Amino acid sequence: MTAKTTPVAMPTERTVQGYLPRDLPPLGALLAFGLQHVLTMFPATVLVAILTGFDVGVTLFASGLATIVALVGSGMRIPLYYGSSFSYIAAVSAVVGAEWGGVQVAQGGIIATAVVSILAGLLIRWVGKESLDKVLPPIVTGSVAIVIGISLAKAALDMAAAHWGIAFFTLVATILFSAYLRGRGVIAMLPVLLGAIAGYILSALLGVVEYEAVRQAAWVRAPAFSLPVFKWPAILAIAPIAVATIPESTAHLYQISLYVDQLAEELGRKPLNIKNLIGLNLILDGIGDGINGLLGGCAGTNYGENNSLMAITRNYSCPVLVVAGLISMLLGFGGKLAAVVETLPVAVTGGLAIFLFGVIGLQGVALIQSEKVNLFDPRQLAIGAVILVVGIGGSAFPGGNLPLLGGLPAIATSAVLGILLNAIFILIPPRENKNTGE
């Protein structure tokens, strides 16, 4: 007679959740994920249009079209969303407000930035990524990413100040959804959308949401597309700002590549190394600005906020971003639809922004860590320190411009200073101290 044995339950393998760039989620999830991306990019993209005097409908349409063109142009390999860039606000506003200027003249300057980005991308494809890494090492790109995230902190708190209670509730709800829904299927990838809905419901209960604009809006509206006008003063004022967006775009690509490869490893799939596509990425950046300049949309860049969303949700699906681009294009024509989205209270956006902008900064930290930057090296410390203080401190001045030479954009200036310092250390390397006995 044999003894009876009790079967031992084997532990189930943890399911890794997430989507790589070419993965296609189910239709319902695809639409929800796309809407979440739109909610993430919408406040900043619309705000830039309002501040610079550009048509909101055109800006939304051009943003969506630029995103789709870039995704298709990358072969659905680079998961980035293109929205309006804050870096251009001061220069574009000055051109729009000048006697000789206007929106169409500013469009000519935006097309000039497209040429700069495309030429930079072609140059990088010619000289190779290794050469680029010497000019833009991780300490530069990582520090620029930190600057971008932290310099937006004041903007996030300004929005939250519209109603601190609603903003704090939205922030906490989003964080809880992000942390405690992890591993629970599709819903785990919607923390920002769920947080926005929770904040919206509370706002409605408190009577903060205004619906009059929805009632007055037409069902369909035609965006005010316009053709560019080229004038040298506008070109010279706007085109150099691409110096800021090139390291910014590089940092974003390196960040997203890091997170995509981490997910690929967990899924047992090959790393994609999309960071090697930096030349193509800058060319696509330029094409995106070309679309904006031709149609009458604001100068753009790929969005750190949407990168943060992808890092939080582990959803890097390019088809999802295509859907987001299509929704943005529809918002350009849909008066009622755009008006409904615009009823999202500023305080709700502020609560979301506190989380998203902070994640942008921390992605810069992750990039520096992943590349094993030696922060005991005085050269690395000098580069990072200058970028952080000039970029973050300079962003506190009006318009984010340093009070030098008539106003220099802080983020662009910090990036240039970091690049120049790095170049000095390459051209004139400090003598190594071989005396290790001390």
# chains A, B, ... in the order shown; residues from 1 in each chain; ligands from 1

$ residues_around --residues "Ala155 in chain A" --least-positions-apart "5" --cutoff "10 Å" --atoms "only C-alpha atoms" --output "list in words"
Ala44, Ile150, Ala160, Ala161, Gly350, Ala353, Ile354 and Phe357 of chain A

$ closest_atom_pairs --of "range 403-428 of chain A" --to "range 111-132 of chain A" --cutoff "12 Å" --atoms "only C-alpha atoms" --output "JSON lines"
{"residue": "A:Ile419", "atom": "CA", "partner": "A:Leu132", "partner_atom": "CA", "distance": 11.0}
{"residue": "A:Ala423", "atom": "CA", "partner": "A:Leu132", "partner_atom": "CA", "distance": 11.7}
{"residue": "A:Ile426", "atom": "CA", "partner": "A:Ser131", "partner_atom": "CA", "distance": 12.0}

$ closest_residue --among "A:Ser308, A:Ser328, A:Ser395, A:Thr343" --to "Leu35 in chain A" --atoms "only C-alpha atoms"
A:Ser328

$ residues_around --residues "range 193-205 of chain A" --least-positions-apart "5" --cutoff "6 Å" --atoms "only C-alpha atoms" --output "PyMOL selection string"
chain A and resi 36+170+173-174+348

$ write_last_selection --atoms "N, CA and C atoms" --output "compact mmCIF listing (two decimals), in the first residue's frame"
# COMPACT_ATOMS: atom_id res chain seq x y z
N GLN A 36 -5.85 58.34 -24.26
CA GLN A 36 -5.01 58.68 -23.13
C GLN A 36 -3.80 59.52 -23.59
N THR A 170 -6.61 64.46 -8.15
CA THR A 170 -6.26 63.88 -9.45
C THR A 170 -4.89 63.23 -9.40
N ALA A 173 -5.05 60.02 -7.26
CA ALA A 173 -5.79 58.98 -7.97
C ALA A 173 -4.93 58.38 -9.08
N THR A 174 -4.24 59.23 -9.83
CA THR A 174 -3.40 58.75 -10.93
C THR A 174 -2.26 57.87 -10.41
N VAL A 348 -7.28 69.74 -13.00
CA VAL A 348 -7.09 68.32 -13.31
C VAL A 348 -5.81 68.13 -14.12

$ atom_distance --atom1 "CA of Val320 in chain A" --atom2 "CA of Leu31 in chain A"
7.4 Å

$ residues_around --residues "Val341 in chain A" --least-positions-apart "6" --cutoff "9 Å" --atoms "only C-alpha atoms" --output "PDB file with N, CA and C atoms, in the first residue's frame"
ATOM      1  N   LEU A  39      -5.069  63.079 -24.309  1.00  0.00           N
ATOM      2  CA  LEU A  39      -5.247  63.841 -23.070  1.00  0.00           C
ATOM      3  C   LEU A  39      -3.903  64.287 -22.500  1.00  0.00           C
ATOM      4  N   PHE A  42      -2.587  67.138 -25.025  1.00  0.00           N
ATOM      5  CA  PHE A  42      -3.526  68.207 -25.364  1.00  0.00           C
ATOM      6  C   PHE A  42      -3.257  69.529 -24.639  1.00  0.00           C
ATOM      7  N   LEU A 331      -9.936  66.234 -33.833  1.00  0.00           N
ATOM      8  CA  LEU A 331     -10.197  67.359 -32.934  1.00  0.00           C
ATOM      9  C   LEU A 331     -10.011  68.690 -33.659  1.00  0.00           C
TER      10      LEU A 331
END

$ atom_distance --atom1 "CA of Gly73 in chain A" --atom2 "CA of Ile291 in chain A"
13.6 Å

$ select_by_dssp --residues "range 14-216 of chain A" --states "strand (DSSP E or B)" --output "list in words"
Tyr19, Tyr82, Gly83 and Ser84 of chain A

$ select_by_dssp --residues "range 169-403 of chain A" --states "helix (DSSP H, G or I)" --output "PyMOL selection string"
chain A and resi 169-180+185-189+191-205+212-216+232-266+274-295+304-313+318-333+335-342+346-370+378-394+398-400

$ closest_residue --among "A:Met189, A:Ile287, A:Leu388, A:Leu326" --to "Leu417 in chain A" --atoms "only C-alpha atoms"
A:Leu388

$ closest_residue --among "A:Asn292, A:Leu30, A:Pro345, A:Met159" --to "Tyr211 in chain A" --atoms "only C-alpha atoms"
A:Pro345

$ residues_around --residues "range 55-59 of chain A" --least-positions-apart "6" --cutoff "9 Å" --atoms "only C-alpha atoms" --output "PDB file with N, CA and C atoms, in the first residue's frame"
ATOM      1  N   THR A  45       0.017  71.315 -25.918  1.00  0.00           N
ATOM      2  CA  THR A  45      -0.064  71.642 -27.345  1.00  0.00           C
ATOM      3  C   THR A  45      -1.002  72.818 -27.584  1.00  0.00           C
ATOM      4  N   VAL A  46      -2.151  72.798 -26.932  1.00  0.00           N
ATOM      5  CA  VAL A  46      -3.120  73.885 -27.081  1.00  0.00           C
ATOM      6  C   VAL A  46      -2.607  75.165 -26.436  1.00  0.00           C
ATOM      7  N   LEU A  47      -1.949  75.029 -25.273  1.00  0.00           N
ATOM      8  CA  LEU A  47      -1.450  76.213 -24.574  1.00  0.00           C
ATOM      9  C   LEU A  47      -0.426  76.963 -25.423  1.00  0.00           C
ATOM     10  N   VAL A  48       0.467  76.250 -26.069  1.00  0.00           N
ATOM     11  CA  VAL A  48       1.465  76.902 -26.924  1.00  0.00           C
ATOM     12  C   VAL A  48       0.785  77.655 -28.060  1.00  0.00           C
ATOM     13  N   ALA A  49      -0.248  77.047 -28.652  1.00  0.00           N
ATOM     14  CA  ALA A  49      -0.980  77.711 -29.734  1.00  0.00           C
ATOM     15  C   ALA A  49      -1.629  78.999 -29.234  1.00  0.00           C
ATOM     16  N   GLY A  83       4.201  67.133 -30.442  1.00  0.00           N
ATOM     17  CA  GLY A  83       3.315  68.219 -30.039  1.00  0.00           C
ATOM     18  C   GLY A  83       4.036  69.553 -30.105  1.00  0.00           C
ATOM     19  N   SER A  84       3.372  70.618 -29.706  1.00  0.00           N
ATOM     20  CA  SER A  84       3.954  71.962 -29.756  1.00  0.00           C
ATOM     21  C   SER A  84       5.069  72.103 -28.730  1.00  0.00           C
ATOM     22  N   ARG A 221     -15.898  72.313 -37.674  1.00  0.00           N
ATOM     23  CA  ARG A 221     -15.289  73.597 -37.962  1.00  0.00           C
ATOM     24  C   ARG A 221     -14.086  73.374 -38.878  1.00  0.00           C
ATOM     25  N   ALA A 222     -13.795  74.336 -39.687  1.00  0.00           N
ATOM     26  CA  ALA A 222     -12.650  74.234 -40.593  1.00  0.00           C
ATOM     27  C   ALA A 222     -11.452  74.936 -39.969  1.00  0.00           C
ATOM     28  N   PRO A 223     -10.366  74.222 -39.740  1.00  0.00           N
ATOM     29  CA  PRO A 223      -9.171  74.888 -39.208  1.00  0.00           C
ATOM     30  C   PRO A 223      -8.695  75.981 -40.170  1.00  0.00           C
ATOM     31  N   ALA A 224      -8.124  77.033 -39.618  1.00  0.00           N
ATOM     32  CA  ALA A 224      -7.679  78.177 -40.427  1.00  0.00           C
ATOM     33  C   ALA A 224      -6.279  77.919 -40.979  1.00  0.00           C
ATOM     34  N   PHE A 225      -6.183  77.005 -41.948  1.00  0.00           N
ATOM     35  CA  PHE A 225      -4.889  76.715 -42.557  1.00  0.00           C
ATOM     36  C   PHE A 225      -4.359  77.966 -43.259  1.00  0.00           C
ATOM     37  N   SER A 226      -3.028  78.133 -43.248  1.00  0.00           N
ATOM     38  CA  SER A 226      -2.416  79.289 -43.903  1.00  0.00           C
ATOM     39  C   SER A 226      -1.057  78.892 -44.463  1.00  0.00           C
ATOM     40  N   ASN A 292       4.093  71.432 -39.844  1.00  0.00           N
ATOM     41  CA  ASN A 292       3.541  72.530 -39.050  1.00  0.00           C
ATOM     42  C   ASN A 292       3.698  73.862 -39.767  1.00  0.00           C
ATOM     43  N   LEU A 295       1.281  74.204 -42.847  1.00  0.00           N
ATOM     44  CA  LEU A 295      -0.155  74.266 -42.569  1.00  0.00           C
ATOM     45  C   LEU A 295      -0.548  75.429 -41.659  1.00  0.00           C
ATOM     46  N   GLY A 296       0.379  75.873 -40.797  1.00  0.00           N
ATOM     47  CA  GLY A 296       0.044  76.933 -39.845  1.00  0.00           C
ATOM     48  C   GLY A 296      -0.038  76.451 -38.420  1.00  0.00           C
ATOM     49  N   GLY A 297       0.679  75.352 -38.114  1.00  0.00           N
ATOM     50  CA  GLY A 297       0.721  74.837 -36.748  1.00  0.00           C
ATOM     51  C   GLY A 297       1.973  75.311 -36.041  1.00  0.00           C
ATOM     52  N   CYS A 298       1.996  75.150 -34.725  1.00  0.00           N
ATOM     53  CA  CYS A 298       3.144  75.586 -33.924  1.00  0.00           C
ATOM     54  C   CYS A 298       4.344  74.673 -34.150  1.00  0.00           C
ATOM     55  N   ALA A 299       5.538  75.247 -33.987  1.00  0.00           N
ATOM     56  CA  ALA A 299       6.752  74.444 -34.053  1.00  0.00           C
ATOM     57  C   ALA A 299       6.687  73.355 -32.986  1.00  0.00           C
ATOM     58  N   MET A 329      -6.178  64.876 -35.169  1.00  0.00           N
ATOM     59  CA  MET A 329      -6.596  65.465 -36.447  1.00  0.00           C
ATOM     60  C   MET A 329      -8.105  65.703 -36.459  1.00  0.00           C
ATOM     61  N   LEU A 331      -9.936  66.234 -33.833  1.00  0.00           N
ATOM     62  CA  LEU A 331     -10.197  67.359 -32.934  1.00  0.00           C
ATOM     63  C   LEU A 331     -10.011  68.690 -33.659  1.00  0.00           C
ATOM     64  N   GLY A 332      -9.121  68.719 -34.643  1.00  0.00           N
ATOM     65  CA  GLY A 332      -8.921  69.938 -35.417  1.00  0.00           C
ATOM     66  C   GLY A 332     -10.157  70.347 -36.180  1.00  0.00           C
ATOM     67  N   PHE A 333     -10.974  69.372 -36.574  1.00  0.00           N
ATOM     68  CA  PHE A 333     -12.195  69.647 -37.332  1.00  0.00           C
ATOM     69  C   PHE A 333     -13.452  69.571 -36.473  1.00  0.00           C
ATOM     70  N   GLY A 334     -13.380  68.802 -35.387  1.00  0.00           N
ATOM     71  CA  GLY A 334     -14.582  68.577 -34.587  1.00  0.00           C
ATOM     72  C   GLY A 334     -14.774  69.638 -33.526  1.00  0.00           C
ATOM     73  N   GLY A 335     -15.641  70.597 -33.789  1.00  0.00           N
ATOM     74  CA  GLY A 335     -15.869  71.678 -32.837  1.00  0.00           C
ATOM     75  C   GLY A 335     -16.388  71.171 -31.508  1.00  0.00           C
ATOM     76  N   ALA A 338     -13.695  68.861 -29.718  1.00  0.00           N
ATOM     77  CA  ALA A 338     -12.606  69.651 -29.132  1.00  0.00           C
ATOM     78  C   ALA A 338     -13.098  70.414 -27.911  1.00  0.00           C
TER      79      ALA A 338
END

$ residues_around --residues "Leu20 in chain A" --least-positions-apart "4" --cutoff "9 Å" --atoms "only C-alpha atoms" --output "list in words"
Leu24, Pro79, Val260, Asp261, Leu263, Ala264, Arg314, Asn315, Tyr316, Ser317 and Cys318 of chain A

$ write_last_selection --atoms "N, CA and C atoms" --output "mmCIF file, in the first residue's frame"
data_model
loop_
_atom_site.group_PDB
_atom_site.id
_atom_site.type_symbol
_atom_site.label_atom_id
_atom_site.label_comp_id
_atom_site.auth_asym_id
_atom_site.auth_seq_id
_atom_site.Cartn_x
_atom_site.Cartn_y
_atom_site.Cartn_z
ATOM 1 N N LEU A 24 0.253 45.303 -31.686
ATOM 2 C CA LEU A 24 -1.076 45.870 -31.942
ATOM 3 C C LEU A 24 -2.044 45.411 -30.852
ATOM 4 N N PRO A 79 8.501 55.004 -31.203
ATOM 5 C CA PRO A 79 7.225 55.391 -30.591
ATOM 6 C C PRO A 79 7.295 56.759 -29.904
ATOM 7 N N VAL A 260 12.161 50.597 -23.707
ATOM 8 C CA VAL A 260 11.693 49.586 -24.664
ATOM 9 C C VAL A 260 12.549 48.326 -24.571
ATOM 10 N N ASP A 261 13.867 48.492 -24.508
ATOM 11 C CA ASP A 261 14.750 47.325 -24.437
ATOM 12 C C ASP A 261 14.590 46.571 -23.120
ATOM 13 N N LEU A 263 11.728 46.270 -21.482
ATOM 14 C CA LEU A 263 10.518 45.477 -21.658
ATOM 15 C C LEU A 263 10.777 44.292 -22.590
ATOM 16 N N ALA A 264 11.530 44.520 -23.664
ATOM 17 C CA ALA A 264 11.834 43.435 -24.598
ATOM 18 C C ALA A 264 12.571 42.300 -23.887
ATOM 19 N N ARG A 314 4.106 51.146 -19.723
ATOM 20 C CA ARG A 314 4.869 50.134 -20.454
ATOM 21 C C ARG A 314 4.189 49.799 -21.776
ATOM 22 N N ASN A 315 3.592 50.797 -22.353
ATOM 23 C CA ASN A 315 2.895 50.625 -23.630
ATOM 24 C C ASN A 315 3.590 51.504 -24.672
ATOM 25 N N TYR A 316 4.409 50.887 -25.522
ATOM 26 C CA TYR A 316 5.190 51.622 -26.517
ATOM 27 C C TYR A 316 4.684 51.347 -27.931
ATOM 28 N N SER A 317 3.421 50.958 -28.038
ATOM 29 C CA SER A 317 2.830 50.573 -29.318
ATOM 30 C C SER A 317 2.717 51.761 -30.272
ATOM 31 N N CYS A 318 3.329 51.649 -31.441
ATOM 32 C CA CYS A 318 3.199 52.688 -32.463
ATOM 33 C C CYS A 318 1.771 52.769 -33.031
#

$ residues_around --residues "Pro319 in chain A" --least-positions-apart "5" --cutoff "9 Å" --atoms "only C-alpha atoms" --output "list in words"
Pro21, Arg22, Asp23, Leu24, Pro25, Leu30, Gly34, Leu71, Met76, Pro79 and Ala324 of chain A
